[in-house]
Amino acid sequence: MTDAHLRSRGDGDGSGRDLTYPPLPQTLVVPVYDNHTHMEIADGGDGALDYREHLDRASSVGVRGVVQVGTDLAISEWSARIAAREPRVLAAVALHPNEAPELDAAGLLDEHLAGIERLAALPRVRAIGETGLDFFRTGEDGRDAQIRSFEEHIRIAKEHDLALTIHDRDAHDAVVEVLDRVGAPEKTVFHCFSGGPDLARLCAERGWYMSFAGTVTFKNAEPLREALRVAPRHLVMVETDAPFLTPTPFRGRPNAPYLIPLTLRSMAETIGTDASMLAAQIASTTELVYGAWDAEPVTVDE
């Protein structure tokens, strides 16, 4: 397997989407981390960036490091390999909830879960994710497999003392039920937080982290901004979910870790604080959740 992109966003859909990357934003005074990105996905047409280009652009604007997130076994292996040799990358590994029903139907779910558990033992793998529940794409017939996969990911995270990265789409109540029933890991992160203030209050009560993406900048996202206002500062993080969810004013164009400053500054404005103060808090929280990016040595790249 090479280190080229493993998949693409599917730009040939006839949508006419602008495939050019946005310009570099103003550099952050206080550096932060992108705690959820997918650099294995090619976007931007012929101008797609590889992971080194993503990281170099991010470094140039004050994004100190990223968490590269797996969604199936092959991508999780890729993520772990990049993290092993790139000091600006830590890895999260998992089977996306939408993968679980197909793997289960093929009799492969347990085998792939075992592969995720093997990766979880690697020193620069710091989270199990993204896992959770997705009732938007998966119907009733696939939910049992999703729940079983989610429960196994929770077990792996707890046994390896790793953070858990939650994918929650149209499934807030069910995700909370599973976490409460089996016991959430100490460090549980709702990636691309999509709930309103009620879910934010519930997360705050349980000490769960809320990671906000470019969606918080969207014009129609006032409930999400209200959730951000409710969320305790020490439980807030920032992410891109790149190449998706590009923040305003570049919504629809390719997203990348170097655009974190746009989302962070919008978040600071929403809660009425200085961007540097918020960046300092988020950087501290991110290191608390995942550990230091330089805590384990990287392999020399040949």
# chains A, B, ... in the order shown; residues from 1 in each chain; ligands from 1

call {"tool": "closest_atom_pairs", "arguments": {"of": "range 61-139 of chain A", "to": "range 145-153 of chain A", "cutoff": "12 Å", "atoms": "only C-alpha atoms", "output": "Markdown table"}}
result
| residue | atom | partner | partner_atom | distance |
| --- | --- | --- | --- | --- |
| A:Asp72 | CA | A:Ser149 | CA | 12.0 |
| A:Ala92 | CA | A:His153 | CA | 11.5 |
| A:Val93 | CA | A:His153 | CA | 9.5 |
| A:Ala94 | CA | A:His153 | CA | 7.3 |
| A:Leu95 | CA | A:Ser149 | CA | 7.8 |
| A:His96 | CA | A:Gln146 | CA | 8.8 |
| A:Pro97 | CA | A:Gln146 | CA | 5.4 |
| A:Asn98 | CA | A:Gln146 | CA | 7.3 |
| A:Glu99 | CA | A:Gln146 | CA | 8.2 |
| A:Ala100 | CA | A:Gln146 | CA | 5.4 |
| A:Pro101 | CA | A:Ala145 | CA | 5.3 |
| A:Glu102 | CA | A:Ala145 | CA | 8.8 |
| A:Leu103 | CA | A:Ala145 | CA | 8.7 |
| A:Asp104 | CA | A:Ala145 | CA | 6.4 |
| A:Ala105 | CA | A:Ala145 | CA | 8.8 |
| A:Ala106 | CA | A:Ala145 | CA | 11.6 |
| A:Gly107 | CA | A:Ala145 | CA | 11.1 |
| A:Leu108 | CA | A:Ala145 | CA | 11.5 |
| A:Leu109 | CA | A:Ser149 | CA | 7.8 |
| A:Asp110 | CA | A:Ser149 | CA | 8.7 |
| A:Glu111 | CA | A:Ser149 | CA | 11.5 |
| A:His112 | CA | A:Ser149 | CA | 10.1 |
| A:Leu113 | CA | A:Glu152 | CA | 7.6 |
| A:Ala114 | CA | A:Glu152 | CA | 9.7 |
| A:Gly115 | CA | A:His153 | CA | 11.5 |
| A:Ile116 | CA | A:His153 | CA | 8.5 |
| A:Glu117 | CA | A:His153 | CA | 8.5 |
| A:Ala120 | CA | A:His153 | CA | 10.2 |
| A:Ala127 | CA | A:His153 | CA | 10.1 |
| A:Ile128 | CA | A:His153 | CA | 6.7 |
| A:Gly129 | CA | A:His153 | CA | 7.9 |
| A:Glu130 | CA | A:His153 | CA | 9.3 |
| A:Thr131 | CA | A:Phe150 | CA | 6.0 |
| A:Gly132 | CA | A:Phe150 | CA | 5.3 |
| A:Leu133 | CA | A:Gln146 | CA | 6.2 |
| A:Asp134 | CA | A:Gln146 | CA | 8.0 |
| A:Phe135 | CA | A:Gln146 | CA | 9.4 |
| A:Arg137 | CA | A:Gln146 | CA | 11.4 |
| A:Thr138 | CA | A:Gln146 | CA | 8.7 |
| A:Gly139 | CA | A:Gln146 | CA | 10.4 |

call {"tool": "atom_distance", "arguments": {"atom1": "CA of Tyr21 in chain A", "atom2": "CA of Pro254 in chain A"}}
result
5.5 Å

call {"tool": "residues_around", "arguments": {"residues": "Glu40 in chain A", "least_positions_apart": "2", "cutoff": "9 Å", "atoms": "only C-alpha atoms", "output": "PyMOL selection string"}}
result
chain A and resi 3-8+37-38+42+50-51+68+75+78-79

call {"tool": "write_last_selection", "arguments": {"atoms": "all heavy atoms", "output": "compact mmCIF listing (two decimals), in the first residue's frame"}}
result
# COMPACT_ATOMS: atom_id res chain seq x y z
N ASP A 3 1.36 5.60 0.11
CA ASP A 3 0.82 6.67 0.94
C ASP A 3 0.07 7.70 0.12
O ASP A 3 -0.15 8.83 0.56
CB ASP A 3 1.95 7.33 1.74
CG ASP A 3 2.50 6.39 2.80
OD1 ASP A 3 1.69 5.62 3.33
OD2 ASP A 3 3.71 6.42 3.06
N ALA A 4 -0.34 7.33 -1.09
CA ALA A 4 -1.21 8.18 -1.87
C ALA A 4 -2.60 8.18 -1.24
O ALA A 4 -2.89 7.41 -0.33
CB ALA A 4 -1.27 7.68 -3.32
N HIS A 5 -3.45 9.06 -1.73
CA HIS A 5 -4.82 9.10 -1.20
C HIS A 5 -5.50 7.74 -1.36
O HIS A 5 -5.38 7.09 -2.40
CB HIS A 5 -5.62 10.18 -1.93
CG HIS A 5 -5.05 11.55 -1.77
ND1 HIS A 5 -4.33 12.19 -2.77
CD2 HIS A 5 -5.06 12.41 -0.72
CE1 HIS A 5 -3.95 13.38 -2.35
NE2 HIS A 5 -4.37 13.54 -1.11
N LEU A 6 -6.22 7.34 -0.35
CA LEU A 6 -6.92 6.06 -0.39
C LEU A 6 -8.30 6.17 -1.00
O LEU A 6 -8.88 5.17 -1.40
CB LEU A 6 -7.01 5.46 1.02
CG LEU A 6 -5.69 5.21 1.74
CD1 LEU A 6 -5.95 4.44 3.03
CD2 LEU A 6 -4.71 4.46 0.86
N ARG A 7 -8.85 7.35 -1.03
CA ARG A 7 -10.17 7.55 -1.62
C ARG A 7 -10.30 9.03 -2.01
O ARG A 7 -9.44 9.84 -1.68
CB ARG A 7 -11.29 7.15 -0.65
CG ARG A 7 -11.21 7.83 0.71
CD ARG A 7 -12.30 7.36 1.65
NE ARG A 7 -12.14 7.93 2.97
CZ ARG A 7 -13.14 8.30 3.75
NH1 ARG A 7 -14.40 8.18 3.33
NH2 ARG A 7 -12.94 8.79 4.95
N SER A 8 -11.36 9.34 -2.71
CA SER A 8 -11.60 10.73 -3.10
C SER A 8 -12.99 11.14 -2.65
O SER A 8 -13.84 10.30 -2.34
CB SER A 8 -11.46 10.91 -4.61
OG SER A 8 -12.48 10.19 -5.28
N THR A 37 -9.31 15.06 11.36
CA THR A 37 -9.18 15.33 9.93
C THR A 37 -8.97 14.03 9.18
O THR A 37 -8.60 13.01 9.76
CB THR A 37 -8.02 16.32 9.68
OG1 THR A 37 -8.11 16.82 8.35
CG2 THR A 37 -6.67 15.66 9.88
N HIS A 38 -9.19 14.09 7.85
CA HIS A 38 -9.10 12.91 6.98
C HIS A 38 -8.20 13.23 5.80
O HIS A 38 -8.67 13.53 4.71
CB HIS A 38 -10.50 12.50 6.49
CG HIS A 38 -11.47 12.17 7.58
ND1 HIS A 38 -11.48 10.94 8.21
CD2 HIS A 38 -12.45 12.90 8.15
CE1 HIS A 38 -12.46 10.93 9.12
NE2 HIS A 38 -13.05 12.12 9.10
N ALA A 42 -8.67 12.51 -1.17
CA ALA A 42 -8.30 13.50 -2.18
C ALA A 42 -9.48 14.43 -2.44
O ALA A 42 -10.60 13.98 -2.66
CB ALA A 42 -7.88 12.82 -3.47
N ASP A 50 -1.33 16.33 -0.74
CA ASP A 50 -1.00 15.14 0.03
C ASP A 50 -0.81 15.54 1.50
O ASP A 50 -0.85 16.72 1.85
CB ASP A 50 0.21 14.41 -0.54
CG ASP A 50 1.53 15.16 -0.37
OD1 ASP A 50 1.63 16.03 0.52
OD2 ASP A 50 2.47 14.86 -1.12
N TYR A 51 -0.59 14.55 2.35
CA TYR A 51 -0.59 14.85 3.78
C TYR A 51 0.53 15.81 4.17
O TYR A 51 0.37 16.65 5.07
CB TYR A 51 -0.55 13.57 4.61
CG TYR A 51 0.78 12.88 4.72
CD1 TYR A 51 1.68 13.20 5.74
CD2 TYR A 51 1.17 11.91 3.80
CE1 TYR A 51 2.91 12.57 5.85
CE2 TYR A 51 2.39 11.27 3.90
CZ TYR A 51 3.26 11.60 4.92
OH TYR A 51 4.46 10.97 5.03
N GLN A 68 -5.25 12.39 12.72
CA GLN A 68 -5.69 11.76 11.48
C GLN A 68 -6.57 10.58 11.85
O GLN A 68 -6.16 9.67 12.57
CB GLN A 68 -4.48 11.33 10.65
CG GLN A 68 -4.76 10.30 9.58
CD GLN A 68 -5.71 10.77 8.50
OE1 GLN A 68 -5.76 11.95 8.15
NE2 GLN A 68 -6.49 9.83 7.95
N ILE A 75 -7.83 2.42 6.18
CA ILE A 75 -7.53 3.83 6.46
C ILE A 75 -6.94 3.97 7.86
O ILE A 75 -6.05 4.80 8.09
CB ILE A 75 -8.79 4.69 6.28
CG1 ILE A 75 -9.20 4.70 4.80
CG2 ILE A 75 -8.56 6.11 6.78
CD1 ILE A 75 -10.56 5.28 4.54
N TRP A 78 -3.34 3.12 7.52
CA TRP A 78 -2.67 4.26 6.89
C TRP A 78 -2.44 5.37 7.91
O TRP A 78 -1.34 5.94 8.00
CB TRP A 78 -3.52 4.76 5.73
CG TRP A 78 -2.94 5.83 4.87
CD1 TRP A 78 -2.21 5.67 3.73
CD2 TRP A 78 -3.07 7.26 5.06
NE1 TRP A 78 -1.87 6.90 3.20
CE2 TRP A 78 -2.38 7.89 3.98
CE3 TRP A 78 -3.70 8.06 6.01
CZ2 TRP A 78 -2.31 9.28 3.85
CZ3 TRP A 78 -3.62 9.44 5.88
CH2 TRP A 78 -2.93 10.04 4.82
N SER A 79 -3.45 5.68 8.69
CA SER A 79 -3.36 6.74 9.69
C SER A 79 -2.28 6.43 10.72
O SER A 79 -1.47 7.31 11.08
CB SER A 79 -4.71 6.92 10.39
OG SER A 79 -5.73 7.23 9.46

call {"tool": "closest_residue", "arguments": {"among": "A:Leu122, A:Val63, A:Met210, A:Val216", "to": "Ala80 in chain A", "atoms": "only C-alpha atoms"}}
result
A:Leu122

call {"tool": "closest_atom_pairs", "arguments": {"of": "range 9-115 of chain A", "to": "range 259-278 of chain A", "cutoff": "7 Å", "atoms": "only C-alpha atoms", "output": "tab-separated table"}}
result
residue	atom	partner	partner_atom	distance
A:Pro25	CA	A:Leu259	CA	6.6
A:Leu28	CA	A:Pro261	CA	6.4
A:Val29	CA	A:Ser276	CA	6.3
A:Val30	CA	A:Ser276	CA	5.5
A:Asp34	CA	A:Ile260	CA	6.7

call {"tool": "select_by_dssp", "arguments": {"residues": "range 73-287 of chain A", "states": "alpha helix (DSSP H)", "output": "VMD selection string"}}
result
chain A and resid 73 to 85 100 to 105 109 to 120 143 to 159 172 to 182 197 to 206 222 to 230 260 to 271 275 to 287

call {"tool": "atom_distance", "arguments": {"atom1": "CA of Tyr33 in chain A", "atom2": "CA of Ala213 in chain A"}}
result
12.3 Å

call {"tool": "closest_residue", "arguments": {"among": "A:Leu19, A:Ala84, A:Val238, A:Val189", "to": "Cys203 in chain A", "atoms": "only C-alpha atoms"}}
result
A:Val189

call {"tool": "closest_residue", "arguments": {"among": "A:Ala242, A:Pro257, A:Arg126, A:Glu226", "to": "Ser60 in chain A", "atoms": "only C-alpha atoms"}}
result
A:Pro257

call {"tool": "closest_atom_pairs", "arguments": {"of": "range 89-205 of chain A", "to": "range 290-298 of chain A", "cutoff": "8 Å", "atoms": "only C-alpha atoms", "output": "CSV"}}
result
residue,atom,partner,partner_atom,distance
A:Val89,CA,A:Trp293,CA,7.2
A:Leu90,CA,A:Trp293,CA,6.7
A:Pro123,CA,A:Glu296,CA,6.6
A:Arg124,CA,A:Glu296,CA,6.7
A:Arg126,CA,A:Tyr290,CA,5.6
A:Ala127,CA,A:Tyr290,CA,7.1
A:Leu162,CA,A:Tyr290,CA,7.7
A:Ala163,CA,A:Tyr290,CA,6.7

call {"tool": "write_last_selection", "arguments": {"atoms": "all heavy atoms", "output": "JSON list (two decimals), in the first residue's frame"}}
result
[["chain", "number", "residue", "atom", "x", "y", "z"],
["A", 89, "VAL", "N", 1.50, 14.47, 13.54],
["A", 89, "VAL", "CA", 0.30, 13.64, 13.39],
["A", 89, "VAL", "C", 0.20, 12.63, 14.52],
["A", 89, "VAL", "O", 1.17, 11.93, 14.83],
["A", 89, "VAL", "CB", 0.31, 12.89, 12.04],
["A", 89, "VAL", "CG1", -0.92, 11.99, 11.92],
["A", 89, "VAL", "CG2", 0.36, 13.87, 10.87],
["A", 90, "LEU", "N", -0.97, 12.55, 15.13],
["A", 90, "LEU", "CA", -1.38, 11.42, 15.95],
["A", 90, "LEU", "C", -2.54, 10.74, 15.23],
["A", 90, "LEU", "O", -3.19, 11.35, 14.37],
["A", 90, "LEU", "CB", -1.81, 11.87, 17.35],
["A", 90, "LEU", "CG", -0.73, 12.51, 18.22],
["A", 90, "LEU", "CD1", -1.32, 12.99, 19.54],
["A", 90, "LEU", "CD2", 0.44, 11.55, 18.45],
["A", 123, "PRO", "N", 2.04, 3.20, 19.88],
["A", 123, "PRO", "CA", 2.23, 4.36, 20.78],
["A", 123, "PRO", "C", 1.69, 5.68, 20.26],
["A", 123, "PRO", "O", 1.30, 6.53, 21.06],
["A", 123, "PRO", "CB", 3.75, 4.42, 20.97],
["A", 123, "PRO", "CG", 4.32, 3.66, 19.82],
["A", 123, "PRO", "CD", 3.34, 2.60, 19.50],
["A", 124, "ARG", "N", 1.64, 5.88, 18.94],
["A", 124, "ARG", "CA", 1.15, 7.16, 18.42],
["A", 124, "ARG", "C", -0.31, 7.06, 17.95],
["A", 124, "ARG", "O", -0.82, 7.98, 17.33],
["A", 124, "ARG", "CB", 2.07, 7.69, 17.33],
["A", 124, "ARG", "CG", 3.45, 8.10, 17.90],
["A", 124, "ARG", "CD", 4.36, 8.73, 16.86],
["A", 124, "ARG", "NE", 3.85, 9.99, 16.34],
["A", 124, "ARG", "CZ", 3.95, 11.17, 16.95],
["A", 124, "ARG", "NH1", 4.53, 11.26, 18.14],
["A", 124, "ARG", "NH2", 3.48, 12.27, 16.38],
["A", 126, "ARG", "N", -3.73, 7.38, 19.54],
["A", 126, "ARG", "CA", -4.16, 7.97, 20.81],
["A", 126, "ARG", "C", -5.68, 8.00, 20.98],
["A", 126, "ARG", "O", -6.16, 8.49, 22.00],
["A", 126, "ARG", "CB", -3.63, 9.40, 20.93],
["A", 126, "ARG", "CG", -2.12, 9.50, 20.81],
["A", 126, "ARG", "CD", -1.41, 8.96, 22.04],
["A", 126, "ARG", "NE", 0.03, 9.11, 21.89],
["A", 126, "ARG", "CZ", 0.69, 10.25, 22.10],
["A", 126, "ARG", "NH1", 0.04, 11.33, 22.50],
["A", 126, "ARG", "NH2", 1.99, 10.31, 21.91],
["A", 127, "ALA", "N", -6.42, 7.50, 19.99],
["A", 127, "ALA", "CA", -7.88, 7.51, 20.13],
["A", 127, "ALA", "C", -8.47, 6.37, 19.32],
["A", 127, "ALA", "O", -7.89, 5.90, 18.33],
["A", 127, "ALA", "CB", -8.46, 8.84, 19.66],
["A", 162, "LEU", "N", -7.43, 4.87, 25.91],
["A", 162, "LEU", "CA", -7.41, 5.83, 24.81],
["A", 162, "LEU", "C", -8.68, 6.67, 24.82],
["A", 162, "LEU", "O", -9.71, 6.25, 25.37],
["A", 162, "LEU", "CB", -7.29, 5.11, 23.47],
["A", 162, "LEU", "CG", -6.02, 4.28, 23.25],
["A", 162, "LEU", "CD1", -6.11, 3.53, 21.94],
["A", 162, "LEU", "CD2", -4.78, 5.16, 23.28],
["A", 163, "ALA", "N", -8.59, 7.83, 24.20],
["A", 163, "ALA", "CA", -9.79, 8.64, 24.00],
["A", 163, "ALA", "C", -10.73, 7.93, 23.04],
["A", 163, "ALA", "O", -10.33, 7.07, 22.24],
["A", 163, "ALA", "CB", -9.41, 10.01, 23.45]]

call {"tool": "closest_residue", "arguments": {"among": "A:His172, A:Arg206, A:Arg251, A:Arg201", "to": "Ala231 in chain A", "atoms": "only C-alpha atoms"}}
result
A:Arg201

call {"tool": "closest_residue", "arguments": {"among": "A:Gly65, A:Gly44, A:Pro232, A:Gly142", "to": "Pro31 in chain A", "atoms": "only C-alpha atoms"}}
result
A:Gly65

call {"tool": "select_by_dssp", "arguments": {"residues": "range 43-112 of chain A", "states": "strand (DSSP E or B)", "output": "list in words"}}
result
Val63, Arg64, Gly65, Val66, Val67, Gln68, Val69, Val89, Leu90, Ala91, Ala92 and Val93 of chain A

call {"tool": "atom_distance", "arguments": {"atom1": "CA of Tyr258 in chain A", "atom2": "CA of Pro243 in chain A"}}
result
11.1 Å

call {"tool": "closest_residue", "arguments": {"among": "A:Asp173, A:Lys219, A:Ala227, A:Gly183", "to": "Lys158 in chain A", "atoms": "only C-alpha atoms"}}
result
A:Gly183
